[in-house]
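Trainee: File start.txt below, compact mmCIF, C-alpha atoms and all ligand atoms:
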```txt
# COMPACT_ATOMS: atom_id res chain seq x y z
CA MET A 1 -65.03 -133.42 -76.75
CA ASN A 2 -63.24 -136.46 -75.52
CA ARG A 3 -59.71 -135.38 -74.77
CA ARG A 4 -58.23 -138.86 -74.98
CA ASP A 5 -59.32 -139.04 -78.58
CA PHE A 6 -57.25 -136.02 -79.46
CA LEU A 7 -53.72 -136.48 -80.67
CA ILE A 8 -51.17 -133.79 -81.26
CA THR A 9 -48.50 -133.41 -83.85
CA THR A 10 -46.83 -130.47 -85.46
CA SER A 11 -45.20 -132.29 -88.33
CA ALA A 12 -47.08 -130.42 -90.99
CA ALA A 13 -44.24 -130.48 -93.51
CA THR A 14 -45.67 -133.25 -95.62
CA LEU A 15 -49.14 -131.77 -95.73
CA PHE A 16 -48.34 -128.45 -97.34
CA PRO A 17 -47.04 -128.76 -100.86
CA ARG A 18 -46.01 -125.81 -102.99
CA ILE A 19 -46.79 -122.22 -103.64
CA ALA A 20 -48.31 -121.15 -106.90
CA LEU A 21 -48.08 -117.67 -108.27
CA ALA A 22 -51.46 -117.14 -109.75
CA SER A 23 -50.81 -114.39 -112.27
CA ALA A 24 -49.80 -116.93 -114.91
CA PRO A 25 -52.38 -119.57 -115.90
CA MET A 26 -52.15 -122.48 -113.54
CA GLU A 27 -53.78 -125.83 -113.12
CA LEU A 28 -55.60 -126.75 -109.99
CA VAL A 29 -56.26 -130.46 -110.06
CA ALA A 30 -58.69 -132.02 -107.60
CA GLN A 31 -57.67 -135.60 -107.02
CA PRO A 32 -57.40 -138.36 -104.46
CA VAL A 33 -54.37 -137.85 -102.21
CA THR A 34 -52.99 -139.40 -99.08
CA ALA A 35 -52.06 -137.19 -96.16
CA GLN A 36 -50.34 -137.84 -92.87
CA ILE A 37 -53.06 -136.68 -90.50
CA LEU A 38 -52.12 -139.07 -87.70
CA PRO A 39 -48.60 -138.71 -86.26
CA GLU A 40 -45.63 -139.97 -88.29
CA GLY A 41 -45.40 -143.71 -88.10
CA GLU A 42 -49.16 -144.16 -88.01
CA PRO A 43 -51.18 -144.91 -91.14
CA ALA A 44 -51.62 -142.19 -93.75
CA THR A 45 -55.16 -141.12 -94.64
CA PRO A 46 -56.82 -141.38 -98.06
CA MET A 47 -58.38 -137.97 -98.74
CA LEU A 48 -59.09 -135.55 -101.55
CA GLY A 49 -56.78 -132.66 -102.34
CA PHE A 50 -55.45 -130.29 -104.97
CA ASN A 51 -52.22 -130.74 -106.95
CA GLY A 52 -51.16 -133.71 -104.89
CA GLY A 53 -51.85 -132.53 -101.36
CA THR A 54 -54.29 -131.26 -98.81
CA PRO A 55 -54.41 -128.37 -98.15
CA GLY A 56 -53.98 -127.46 -101.80
CA PRO A 57 -51.27 -125.07 -102.99
CA VAL A 58 -51.06 -121.54 -101.62
CA LEU A 59 -52.46 -119.28 -104.33
CA ARG A 60 -50.77 -115.92 -103.96
CA ALA A 61 -51.06 -112.74 -105.98
CA ARG A 62 -50.88 -108.99 -105.62
CA GLN A 63 -53.99 -106.91 -105.15
CA GLY A 64 -55.66 -106.32 -108.50
CA ASP A 65 -53.76 -109.14 -110.23
CA ALA A 66 -55.58 -111.54 -112.51
CA PHE A 67 -56.06 -115.14 -111.47
CA ASP A 68 -56.38 -117.64 -114.30
CA ILE A 69 -57.00 -121.01 -112.76
CA ARG A 70 -57.72 -124.12 -114.81
CA PHE A 71 -59.60 -126.40 -112.53
CA LEU A 72 -59.41 -130.04 -113.50
CA ASN A 73 -61.62 -132.40 -111.65
CA GLN A 74 -59.95 -135.75 -111.21
CA SER A 75 -61.47 -136.34 -107.80
CA GLY A 76 -63.84 -138.99 -109.11
CA GLU A 77 -66.91 -136.98 -108.01
CA GLY A 78 -68.66 -133.83 -109.20
CA SER A 79 -67.10 -130.67 -107.77
CA ALA A 80 -66.55 -126.92 -108.19
CA VAL A 81 -64.29 -124.37 -106.50
CA HIS A 82 -65.51 -121.39 -104.49
CA TRP A 83 -63.13 -118.50 -103.69
CA HIS A 84 -64.28 -117.70 -100.21
CA GLY A 85 -64.43 -114.01 -99.37
CA LEU A 86 -63.38 -112.71 -102.78
CA ARG A 87 -65.70 -110.09 -104.20
CA ILE A 88 -65.51 -111.31 -107.78
CA ASP A 89 -67.82 -111.85 -110.74
CA ASN A 90 -70.81 -113.98 -109.94
CA ALA A 91 -70.03 -116.37 -112.81
CA MET A 92 -66.71 -117.25 -111.10
CA ASP A 93 -68.20 -117.87 -107.63
CA GLY A 94 -68.12 -121.64 -107.98
CA VAL A 95 -71.59 -122.58 -106.74
CA PRO A 96 -73.03 -125.52 -108.69
CA GLY A 97 -76.67 -125.09 -109.55
CA MET A 98 -76.47 -121.33 -109.06
CA THR A 99 -73.46 -119.79 -110.80
CA GLN A 100 -72.29 -122.76 -112.87
CA GLU A 101 -72.95 -126.39 -113.62
CA VAL A 102 -71.29 -128.93 -111.40
CA VAL A 103 -67.91 -129.91 -112.86
CA GLU A 104 -68.32 -133.62 -113.44
CA ALA A 105 -65.51 -136.06 -112.72
CA GLY A 106 -63.03 -135.83 -115.60
CA ASP A 107 -64.17 -132.33 -116.65
CA GLY A 108 -62.71 -128.92 -116.01
CA PHE A 109 -63.62 -125.25 -115.59
CA GLU A 110 -61.60 -122.12 -116.10
CA TYR A 111 -61.84 -119.59 -113.28
CA ARG A 112 -60.65 -116.12 -114.21
CA PHE A 113 -61.00 -113.17 -111.89
CA ARG A 114 -59.23 -110.20 -110.39
CA ALA A 115 -58.83 -109.99 -106.64
CA PRO A 116 -60.14 -106.59 -105.61
CA ASP A 117 -59.17 -106.85 -101.95
CA ALA A 118 -55.83 -107.54 -100.32
CA GLY A 119 -56.06 -110.03 -97.48
CA THR A 120 -56.34 -113.62 -96.31
CA PHE A 121 -58.85 -115.77 -98.19
CA TRP A 122 -59.27 -119.42 -99.04
CA TYR A 123 -60.75 -121.68 -101.64
CA HIS A 124 -62.80 -124.81 -101.20
CA SER A 125 -65.16 -127.17 -102.92
CA HIS A 126 -68.73 -125.94 -103.00
CA ASN A 127 -70.26 -129.21 -104.10
CA ARG A 128 -71.33 -131.49 -101.28
CA SER A 129 -69.01 -129.25 -99.31
CA TRP A 130 -69.80 -130.91 -95.97
CA GLU A 131 -68.14 -134.02 -97.39
CA GLN A 132 -65.57 -132.64 -99.87
CA VAL A 133 -64.18 -130.00 -97.49
CA ALA A 134 -64.05 -132.62 -94.73
CA LYS A 135 -62.06 -134.81 -97.14
CA GLY A 136 -59.54 -132.04 -97.79
CA LEU A 137 -60.64 -130.05 -100.88
CA TYR A 138 -59.45 -126.62 -99.79
CA GLY A 139 -56.42 -124.34 -99.76
CA PRO A 140 -55.29 -120.81 -98.87
CA LEU A 141 -55.57 -117.83 -101.20
CA ILE A 142 -53.48 -114.82 -100.27
CA VAL A 143 -53.75 -111.40 -101.86
CA GLU A 144 -50.82 -109.19 -100.96
CA GLU A 145 -51.05 -105.50 -100.26
CA PRO A 146 -49.18 -103.22 -102.69
CA THR A 147 -46.98 -102.34 -99.71
CA PRO A 148 -47.09 -105.27 -97.30
CA PRO A 149 -46.41 -104.56 -93.61
CA ASP A 150 -42.82 -104.89 -92.46
CA VAL A 151 -42.54 -108.38 -90.95
CA ASP A 152 -39.87 -111.06 -90.82
CA HIS A 153 -42.21 -113.96 -91.63
CA ASP A 154 -45.60 -114.17 -93.31
CA LEU A 155 -47.16 -117.43 -92.16
CA ILE A 156 -50.44 -119.14 -92.97
CA ILE A 157 -52.03 -121.11 -90.14
CA MET A 158 -54.87 -123.36 -91.28
CA ILE A 159 -56.82 -124.86 -88.42
CA ASP A 160 -58.78 -128.02 -89.08
CA ASP A 161 -60.24 -130.99 -87.31
CA TRP A 162 -60.85 -134.46 -88.66
CA ARG A 163 -62.94 -137.34 -87.47
CA MET A 164 -60.50 -140.21 -87.64
CA THR A 165 -60.84 -143.93 -87.18
CA GLU A 166 -58.06 -145.91 -85.57
CA ASP A 167 -56.87 -147.31 -88.89
CA GLY A 168 -56.20 -143.82 -90.15
CA THR A 169 -59.19 -143.41 -92.46
CA LEU A 170 -61.72 -140.60 -92.18
CA ALA A 171 -64.82 -141.79 -90.40
CA ASP A 172 -67.73 -141.99 -92.83
CA GLY A 173 -71.26 -140.81 -92.15
CA PHE A 174 -70.82 -137.36 -93.67
CA GLU A 175 -74.58 -136.87 -93.54
CA ASN A 176 -75.11 -138.18 -90.06
CA MET A 177 -78.41 -136.68 -88.90
CA HIS A 178 -77.37 -136.46 -85.26
CA ASP A 179 -74.34 -134.38 -86.25
CA GLN A 180 -76.39 -132.18 -88.52
CA ALA A 181 -79.00 -131.53 -85.84
CA HIS A 182 -76.33 -130.53 -83.32
CA GLN A 183 -73.02 -128.77 -83.97
CA GLY A 184 -72.20 -130.61 -87.17
CA ARG A 185 -69.36 -133.03 -87.80
CA LEU A 186 -66.83 -132.35 -85.09
CA GLY A 187 -63.45 -134.05 -85.38
CA ASN A 188 -61.59 -136.05 -82.75
CA PHE A 189 -58.26 -134.76 -83.95
CA ALA A 190 -57.28 -131.14 -84.61
CA ARG A 191 -54.23 -129.30 -85.79
CA ALA A 192 -52.91 -125.96 -86.94
CA LEU A 193 -50.94 -126.41 -90.14
CA VAL A 194 -48.22 -123.82 -90.51
CA GLU A 195 -47.04 -122.77 -93.98
CA PRO A 196 -44.26 -122.38 -94.75
CA VAL A 197 -42.79 -124.73 -92.15
CA THR A 198 -40.12 -122.59 -90.58
CA GLN A 199 -38.24 -121.57 -87.52
CA VAL A 200 -38.32 -118.05 -86.14
CA ARG A 201 -36.16 -115.98 -83.79
CA ARG A 202 -37.09 -114.22 -80.59
CA GLY A 203 -37.76 -110.62 -81.51
CA ASP A 204 -38.95 -111.47 -85.03
CA ARG A 205 -42.13 -109.78 -86.15
CA LEU A 206 -44.63 -112.26 -87.62
CA ARG A 207 -47.71 -111.89 -89.70
CA LEU A 208 -49.96 -114.83 -88.90
CA ARG A 209 -52.87 -115.55 -91.21
CA LEU A 210 -55.25 -117.81 -89.31
CA ILE A 211 -57.92 -119.62 -91.31
CA ASN A 212 -60.50 -121.96 -89.80
CA VAL A 213 -61.09 -124.52 -92.52
CA ALA A 214 -62.97 -127.00 -90.32
CA THR A 215 -66.39 -127.92 -91.62
CA ASP A 216 -68.20 -127.30 -88.34
CA ARG A 217 -65.98 -126.61 -85.35
CA ILE A 218 -65.66 -123.16 -83.80
CA PHE A 219 -62.09 -122.63 -82.60
CA PRO A 220 -61.28 -120.20 -79.82
CA VAL A 221 -57.54 -119.71 -80.31
CA GLU A 222 -54.97 -118.50 -77.82
CA LEU A 223 -51.49 -117.54 -78.94
CA GLU A 224 -48.59 -118.09 -76.62
CA GLY A 225 -45.02 -116.89 -76.95
CA VAL A 226 -45.95 -113.86 -79.04
CA GLU A 227 -47.32 -110.41 -78.33
CA GLY A 228 -49.31 -108.48 -80.86
CA LYS A 229 -52.63 -107.44 -82.29
CA VAL A 230 -55.35 -108.70 -84.60
CA VAL A 231 -55.08 -106.41 -87.64
CA ALA A 232 -57.67 -107.90 -90.01
CA LEU A 233 -60.73 -110.15 -89.91
CA ASP A 234 -62.00 -112.13 -92.90
CA GLY A 235 -59.43 -110.41 -95.09
CA MET A 236 -60.53 -106.89 -94.19
CA PRO A 237 -58.19 -104.62 -92.19
CA LEU A 238 -59.50 -103.37 -88.86
CA VAL A 239 -59.62 -99.62 -88.37
CA THR A 240 -58.33 -100.19 -84.84
CA PRO A 241 -56.32 -103.36 -84.26
CA GLN A 242 -57.81 -105.61 -81.55
CA GLU A 243 -56.31 -107.55 -78.67
CA MET A 244 -55.45 -111.17 -79.45
CA SER A 245 -57.17 -112.47 -76.35
CA GLY A 246 -60.66 -113.83 -76.82
CA LEU A 247 -60.11 -114.60 -80.50
CA ILE A 248 -62.78 -116.97 -81.82
CA LEU A 249 -62.82 -118.35 -85.33
CA ALA A 250 -66.04 -119.83 -86.66
CA PRO A 251 -65.73 -122.11 -89.68
CA ALA A 252 -64.44 -120.09 -92.69
CA GLN A 253 -63.45 -117.08 -90.60
CA ARG A 254 -59.94 -115.64 -90.80
CA ALA A 255 -57.84 -113.40 -88.59
CA ASP A 256 -54.59 -111.68 -89.48
CA ILE A 257 -52.31 -111.07 -86.54
CA ILE A 258 -49.09 -109.09 -86.43
CA ALA A 259 -47.07 -110.12 -83.42
CA ASP A 260 -43.54 -110.14 -82.05
CA VAL A 261 -41.96 -113.36 -80.81
CA THR A 262 -41.35 -113.06 -77.07
CA SER A 263 -40.61 -116.70 -76.23
CA ALA A 264 -37.14 -118.21 -76.54
CA THR A 265 -38.52 -121.65 -77.37
CA SER A 266 -41.80 -121.63 -79.29
CA ALA A 267 -44.78 -119.69 -80.52
CA SER A 268 -47.85 -121.85 -80.10
CA PHE A 269 -51.53 -122.02 -80.95
CA VAL A 270 -53.68 -123.33 -78.18
CA PHE A 271 -57.31 -124.37 -78.25
CA PRO A 272 -58.78 -123.92 -74.77
CA THR A 273 -61.28 -126.69 -74.04
CA ARG A 274 -63.39 -127.56 -71.04
CA ASP A 275 -60.84 -130.24 -70.17
CA GLY A 276 -57.89 -127.92 -70.48
CA PRO A 277 -55.68 -126.48 -73.17
CA TYR A 278 -55.13 -128.45 -76.35
CA LEU A 279 -52.02 -127.65 -78.36
CA LEU A 280 -52.94 -127.11 -82.01
CA GLY A 281 -49.45 -126.44 -83.26
CA GLU A 282 -46.29 -124.51 -82.70
CA ILE A 283 -43.49 -122.73 -84.45
CA PRO A 284 -40.03 -123.43 -83.03
CA VAL A 285 -38.02 -120.40 -81.90
CA GLU A 286 -34.24 -120.36 -82.04
CA GLY A 287 -31.84 -117.48 -81.66
CA ALA A 288 -32.71 -113.82 -81.41
CA ASN A 289 -33.31 -111.02 -83.82
CA THR A 290 -30.99 -108.27 -82.65
CA THR A 291 -31.54 -105.82 -85.47
CA ARG A 292 -35.29 -105.19 -85.39
CA GLN A 293 -36.17 -102.02 -83.51
CA PRO A 294 -39.28 -102.09 -81.34
CA SER A 295 -42.14 -100.34 -83.13
CA GLU A 296 -45.89 -99.96 -82.96
CA ILE A 297 -47.98 -102.45 -84.92
CA SER A 298 -49.23 -100.53 -87.88
CA VAL A 299 -52.73 -100.54 -89.28
CA LEU A 300 -53.19 -102.19 -92.69
CA THR A 301 -54.45 -100.06 -95.57
CA PRO A 302 -58.20 -100.56 -95.86
CA ASN A 303 -59.73 -102.16 -98.95
CA GLU A 304 -62.19 -100.01 -100.85
CA ILE A 305 -65.74 -100.63 -99.70
CA ALA A 306 -68.75 -98.49 -100.56
CA SER A 307 -70.14 -96.65 -97.54
CA PRO A 308 -73.60 -97.70 -96.46
CA ASP A 309 -76.51 -95.35 -97.00
CA MET A 310 -78.29 -95.92 -93.71
CA ASP A 311 -81.07 -93.39 -94.41
CA ASN A 312 -82.35 -95.40 -97.34
CA ALA A 313 -81.49 -98.88 -96.11
CA VAL A 314 -83.80 -101.87 -96.59
CA SER A 315 -84.54 -103.73 -93.34
CA LEU A 316 -84.75 -107.49 -93.37
CA THR A 317 -84.89 -110.20 -90.75
CA LEU A 318 -83.32 -113.60 -91.11
CA THR A 319 -84.49 -115.96 -88.40
CA MET A 320 -82.55 -119.17 -87.87
CA GLU A 321 -84.71 -122.09 -86.85
CA GLY A 322 -84.46 -125.81 -86.32
CA GLY A 323 -81.96 -128.32 -85.00
CA ALA A 324 -82.12 -130.71 -82.09
CA MET A 325 -84.78 -129.87 -79.51
CA SER A 326 -86.79 -127.86 -82.03
CA ARG A 327 -90.18 -128.50 -83.58
CA ARG A 328 -88.57 -128.78 -87.01
CA MET A 329 -86.69 -131.86 -85.82
CA MET A 330 -89.82 -133.94 -86.46
CA GLN A 331 -89.52 -133.02 -90.12
CA GLY A 332 -85.92 -134.18 -90.09
CA MET A 333 -86.96 -137.55 -88.72
CA MET A 334 -89.32 -137.89 -91.64
CA GLY A 335 -86.61 -137.15 -94.18
CA GLY A 336 -87.09 -133.38 -94.39
CA ASP A 337 -84.61 -130.64 -93.66
CA ILE A 338 -83.58 -129.91 -90.08
CA TRP A 339 -82.67 -126.23 -90.41
CA ALA A 340 -84.40 -123.21 -91.92
CA PHE A 341 -84.19 -119.48 -92.47
CA ASN A 342 -87.53 -117.71 -91.99
CA GLY A 343 -89.28 -121.06 -92.07
CA GLN A 344 -87.80 -122.04 -95.41
CA SER A 345 -85.28 -124.87 -95.83
CA GLY A 346 -82.93 -125.04 -98.78
CA LEU A 347 -83.02 -123.07 -102.00
CA THR A 348 -86.16 -122.13 -103.89
CA ASP A 349 -86.65 -120.24 -107.14
CA THR A 350 -87.31 -116.99 -105.32
CA PRO A 351 -84.49 -115.22 -103.51
CA LEU A 352 -84.74 -114.08 -99.91
CA HIS A 353 -84.61 -110.59 -101.38
CA SER A 354 -83.81 -108.93 -104.67
CA PHE A 355 -81.65 -105.81 -104.22
CA GLU A 356 -81.23 -103.02 -106.61
CA ARG A 357 -77.48 -102.77 -107.23
CA GLY A 358 -75.80 -100.52 -104.67
CA LYS A 359 -78.64 -100.76 -102.17
CA THR A 360 -77.80 -100.79 -98.47
CA ALA A 361 -79.54 -103.36 -96.28
CA ARG A 362 -79.65 -103.81 -92.55
CA ILE A 363 -80.28 -107.47 -91.85
CA ARG A 364 -81.28 -108.64 -88.40
CA LEU A 365 -79.91 -112.13 -87.80
CA VAL A 366 -82.06 -113.79 -85.17
CA ASN A 367 -80.73 -117.06 -83.82
CA ASP A 368 -83.79 -118.85 -82.50
CA THR A 369 -81.95 -122.16 -82.01
CA ARG A 370 -79.89 -123.86 -79.33
CA PHE A 371 -76.70 -123.73 -81.42
CA PRO A 372 -74.31 -121.09 -82.74
CA HIS A 373 -74.25 -120.46 -86.49
CA GLY A 374 -71.63 -118.88 -88.72
CA ILE A 375 -73.55 -117.02 -91.39
CA HIS A 376 -71.72 -116.44 -94.67
CA LEU A 377 -72.70 -114.16 -97.54
CA HIS A 378 -71.11 -114.71 -100.93
CA GLY A 379 -69.65 -111.96 -103.09
CA HIS A 380 -69.77 -109.22 -100.44
CA HIS A 381 -68.44 -108.11 -97.12
CA PHE A 382 -70.77 -106.63 -94.53
CA PHE A 383 -70.40 -104.67 -91.32
CA GLU A 384 -71.24 -106.29 -88.01
CA VAL A 385 -73.25 -103.82 -85.96
CA GLY A 386 -71.82 -103.61 -82.46
CA ALA A 387 -73.74 -103.57 -79.17
CA ASP A 388 -73.32 -99.78 -79.21
CA GLY A 389 -75.15 -99.61 -82.53
CA ASN A 390 -72.04 -98.57 -84.41
CA LEU A 391 -70.70 -100.31 -87.46
CA GLY A 392 -67.96 -102.71 -86.44
CA ALA A 393 -65.69 -105.04 -88.38
CA LEU A 394 -66.23 -105.92 -92.02
CA ARG A 395 -66.73 -109.62 -92.42
CA ASP A 396 -67.93 -112.25 -94.84
CA THR A 397 -68.92 -114.70 -92.11
CA THR A 398 -70.44 -113.74 -88.77
CA LEU A 399 -70.83 -115.95 -85.73
CA VAL A 400 -74.24 -115.66 -84.08
CA ASP A 401 -74.55 -117.46 -80.76
CA ALA A 402 -77.54 -119.45 -79.60
CA ASP A 403 -80.37 -117.05 -78.73
CA GLU A 404 -78.34 -114.09 -79.94
CA THR A 405 -79.56 -111.40 -82.32
CA ARG A 406 -77.03 -109.51 -84.42
CA ASP A 407 -77.50 -106.90 -87.08
CA ILE A 408 -75.33 -106.66 -90.14
CA VAL A 409 -75.19 -103.88 -92.71
CA CYS A 410 -74.29 -104.59 -96.30
CA VAL A 411 -74.06 -102.57 -99.47
CA PHE A 412 -75.19 -104.99 -102.16
CA GLY A 413 -72.92 -103.74 -104.89
CA ASN A 414 -72.00 -106.94 -106.72
CA PRO A 415 -74.56 -108.07 -109.30
CA GLY A 416 -75.63 -111.69 -109.46
CA ARG A 417 -77.11 -114.51 -107.45
CA TRP A 418 -75.36 -114.96 -104.13
CA LEU A 419 -75.67 -117.66 -101.52
CA LEU A 420 -76.29 -116.80 -97.90
CA HIS A 421 -75.76 -119.83 -95.70
CA CYS A 422 -74.51 -121.28 -92.47
CA HIS A 423 -70.84 -122.21 -92.84
CA MET A 424 -71.25 -125.01 -90.37
CA LEU A 425 -71.39 -127.18 -93.43
CA GLY A 426 -73.48 -129.87 -91.78
CA HIS A 427 -76.15 -127.24 -91.15
CA GLN A 428 -75.92 -126.04 -94.72
CA ALA A 429 -76.37 -129.63 -95.88
CA ALA A 430 -79.52 -129.87 -93.77
CA GLY A 431 -81.26 -126.85 -95.22
CA MET A 432 -79.63 -123.76 -93.68
CA LYS A 433 -79.16 -121.78 -96.84
CA THR A 434 -80.86 -119.19 -98.96
CA TRP A 435 -79.84 -116.73 -101.66
CA VAL A 436 -80.14 -113.10 -102.57
CA GLU A 437 -80.19 -111.42 -105.92
CA VAL A 438 -78.48 -108.16 -106.85
CA ALA A 439 -79.75 -106.74 -110.10
CU1 LIG B 1 -66.92 -120.80 -97.88
CU2 LIG B 1 -70.64 -120.85 -99.52
O1 LIG B 1 -68.73 -120.82 -98.74
CU CU B 2 -75.46 -123.39 -88.49
```
Since I need it in another form, could you write the structure as structure tokens?
Mentor:
Amino acid sequence: MNRRDFLITTSAATLFPRIALASAPMELVAQPVTAQILPEGEPATPMLGFNGGTPGPVLRARQGDAFDIRFLNQSGEGSAVHWHGLRIDNAMDGVPGMTQEVVEAGDGFEYRFRAPDAGTFWYHSHNRSWEQVAKGLYGPLIVEEPTPPDVDHDLIIMIDDWRMTEDGTLADGFENMHDQAHQGRLGNFARALVEPVTQVRRGDRLRLRLINVATDRIFPVELEGVEGKVVALDGMPLVTPQEMSGLILAPAQRADIIADVTSATSASFVFPTRDGPYLLGEIPVEGANTTRQPSEISVLTPNEIASPDMDNAVSLTLTMEGGAMSRRMMQGMMGGDIWAFNGQSGLTDTPLHSFERGKTARIRLVNDTRFPHGIHLHGHHFFEVGADGNLGALRDTTLVDADETRDIVCVFGNPGRWLLHCHMLGHQAAGMKTWVEVA
């Protein structure tokens, strides 16, 4: 990354529009918007968004509540909305060509589902996502616990990067082959958008819902001015809260943090880079909370997940191949796909595997490439298997480093056709996707 290209601003107020309570029917309109990505005073950026802004509105409901969302596509291009991380009916998953037809410009689609899990999720376009997400078609989706933890502020922190030109437009070349063969489309400008825009007091307890909405960039994030614990990953509560240090968010990953404000001036989000720390955003601190008593950070109530049946588990291997410096690159040069799973690029008529409903699988993810990949499974959460062989955190997206092998364990309990793909969206665009069937 070229540090001079990076600019910093924390004026996120204009970017985050309103909050929508999703229990009543609501409209979600994809449309062209302008957003102030560059600092105030510099040109605004033509983008795509929902209901007048990017990110789109915060969709918020209680666990088990019904969402009834009337998606209207006025973006001028075909689209569809995927509810990332929600274990909902396959027909509502928002994947054109697999769970529904693409919603053509001018058309609509009604998404109705119940959110089974409480936690931090998000929604985004799943049509030409490498371009439409880069242009701003995404927003946060929050499902509240029946008894939310006792905090003074519940804040959403969406971390994104954009590749900007000097005149304030998004750089084009969304299918640039060099990007796709390397780490994807990395921005030259990054920011943590805080919603709602607010000021906090020293001593306040915060719940911070971090969401990496960047198409391709992995963000290590350091928090300064607060002390606390990571209490959930990808919307699923951790059995034992983790330290905040060393937090890494691959594209689409989330982390919930509960932390107390210790600074008298600001709580900030810092992206450590090779050239030094880069400030992603900050929350101003003023005054002190004198009434809150010091207390342990409590564990969130777990969501209900079927326990894996390891004795009868299916074993599968998913080998990631391709990218720059690989043999497959030659194919890319000749117009083929650059990335593959088990030698296969893109989707075919046959799934990677067809699971009997309720079946447990142990999937070995083998990264035989020079790049990290964030592997996302639709419609399910899975356990990451730790180095000790024990089941670790439940996730919907797992980061597998170059040359790393990682096992995941999943109970395939949700019937339908589910995508399994790299959430570095440039890699997905260049073939790194497959699907599984649960019948
Ligand atoms: Cu965040 Cu296939 O999706
Ligand atoms: Cu990838």
Trainee: Could you check the closest approach to ligand CU 2 (chain B) for each of A:Asp396, A:Glu227, A:Asp216, A:Glu286 and tell me which residue wins, using all atoms listed in the file?
Mentor: A:Asp216
Trainee: Could the residues that lie within 9 Å of ligand LIG 1 (chain B), counting all atoms listed in the file, be listed as a PyMOL selection string?
Mentor: chain A and resi 82-85+93-95+122-126+129+213+251-253+376-378+397+418-423+425+428+433
Trainee: Quick one: distance from CA of Glu224 (chain A) to CA of His373 (chain A) in Å, one decimal?
Mentor: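 Computing the Euclidean distance for CA of Glu224 (chain A) and CA of His373 (chain A) yields 27.6 Å.
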Trainee: Select, from A:Ala361, A:Gly235, A:Phe412, A:Ala181, the residue with the minimum atom-to-atom distance to ligand CU 2 (chain B), counting only C-alpha atoms and all ligand atoms.
Mentor: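 Answer, going by the shortest atom-to-atom distance: A:Ala181.
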Trainee: Padding 5 Å on each side, edges along x, y and z: where is the centre of the box around the listed atoms of region 392-410 of chain A, and how long are its edges in Å to one decimal? Output it as JSON.
Mentor:
```
{"center_x": -73.0, "center_y": -111.1, "center_z": -87.5, "size_x": 24.7, "size_y": 26.7, "size_z": 27.6}
```
Trainee: Kindly indicate which residue among A:Arg370, A:Arg364, A:Arg114, A:Arg191 lies nearest to ligand CU 2 (chain B), using only C-alpha atoms and all ligand atoms for the distances.
Mentor: A:Arg370
Trainee: Smallest atom-to-atom distance to Gln199 (chain A): which of A:Ala288, A:Ala115, A:Met177, A:Ala232, using only C-alpha atoms?
Mentor: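 Comparing A:Ala288, A:Ala115, A:Met177, A:Ala232 against Gln199 (chain A), the winner is A:Ala288.
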Trainee: Work out how far apart CA of Leu223 (chain A) and CA of Asp260 (chain A) are and give it in Å to one decimal.
Mentor: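 Value for the CA of Leu223 (chain A)-CA of Asp260 (chain A) distance: 11.3 Å.
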Trainee: Please identify all protein, DNA and RNA residues within 12 Å of ligand CU 2 (chain B), counting all atoms listed in the file, and report them as a short mmCIF file (atom, residue, chain, number, x, y, z; two decimals) with C-alpha atoms, in the frame of the given file.
Mentor:
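Saved result, result12.cif, follows:
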```cif
data_model
loop_
_atom_site.label_atom_id
_atom_site.label_comp_id
_atom_site.auth_asym_id
_atom_site.auth_seq_id
_atom_site.Cartn_x
_atom_site.Cartn_y
_atom_site.Cartn_z
CA ASP A 179 -74.34 -134.38 -86.25
CA GLN A 180 -76.39 -132.18 -88.52
CA ALA A 181 -79.00 -131.53 -85.84
CA HIS A 182 -76.33 -130.53 -83.32
CA GLN A 183 -73.02 -128.77 -83.97
CA GLY A 184 -72.20 -130.61 -87.17
CA ARG A 185 -69.36 -133.03 -87.80
CA THR A 215 -66.39 -127.92 -91.62
CA ASP A 216 -68.20 -127.30 -88.34
CA ARG A 217 -65.98 -126.61 -85.35
CA ILE A 218 -65.66 -123.16 -83.80
CA ALA A 250 -66.04 -119.83 -86.66
CA PRO A 251 -65.73 -122.11 -89.68
CA THR A 319 -84.49 -115.96 -88.40
CA MET A 320 -82.55 -119.17 -87.87
CA GLU A 321 -84.71 -122.09 -86.85
CA GLY A 322 -84.46 -125.81 -86.32
CA GLY A 323 -81.96 -128.32 -85.00
CA ALA A 324 -82.12 -130.71 -82.09
CA ILE A 338 -83.58 -129.91 -90.08
CA TRP A 339 -82.67 -126.23 -90.41
CA ALA A 340 -84.40 -123.21 -91.92
CA PHE A 341 -84.19 -119.48 -92.47
CA ASN A 367 -80.73 -117.06 -83.82
CA ASP A 368 -83.79 -118.85 -82.50
CA THR A 369 -81.95 -122.16 -82.01
CA ARG A 370 -79.89 -123.86 -79.33
CA PHE A 371 -76.70 -123.73 -81.42
CA PRO A 372 -74.31 -121.09 -82.74
CA HIS A 373 -74.25 -120.46 -86.49
CA GLY A 374 -71.63 -118.88 -88.72
CA ILE A 375 -73.55 -117.02 -91.39
CA HIS A 376 -71.72 -116.44 -94.67
CA THR A 397 -68.92 -114.70 -92.11
CA THR A 398 -70.44 -113.74 -88.77
CA LEU A 399 -70.83 -115.95 -85.73
CA VAL A 400 -74.24 -115.66 -84.08
CA ASP A 401 -74.55 -117.46 -80.76
CA ALA A 402 -77.54 -119.45 -79.60
CA LEU A 420 -76.29 -116.80 -97.90
CA HIS A 421 -75.76 -119.83 -95.70
CA CYS A 422 -74.51 -121.28 -92.47
CA HIS A 423 -70.84 -122.21 -92.84
CA MET A 424 -71.25 -125.01 -90.37
CA LEU A 425 -71.39 -127.18 -93.43
CA GLY A 426 -73.48 -129.87 -91.78
CA HIS A 427 -76.15 -127.24 -91.15
CA GLN A 428 -75.92 -126.04 -94.72
CA ALA A 429 -76.37 -129.63 -95.88
CA ALA A 430 -79.52 -129.87 -93.77
CA GLY A 431 -81.26 -126.85 -95.22
CA MET A 432 -79.63 -123.76 -93.68
CA LYS A 433 -79.16 -121.78 -96.84
#
```
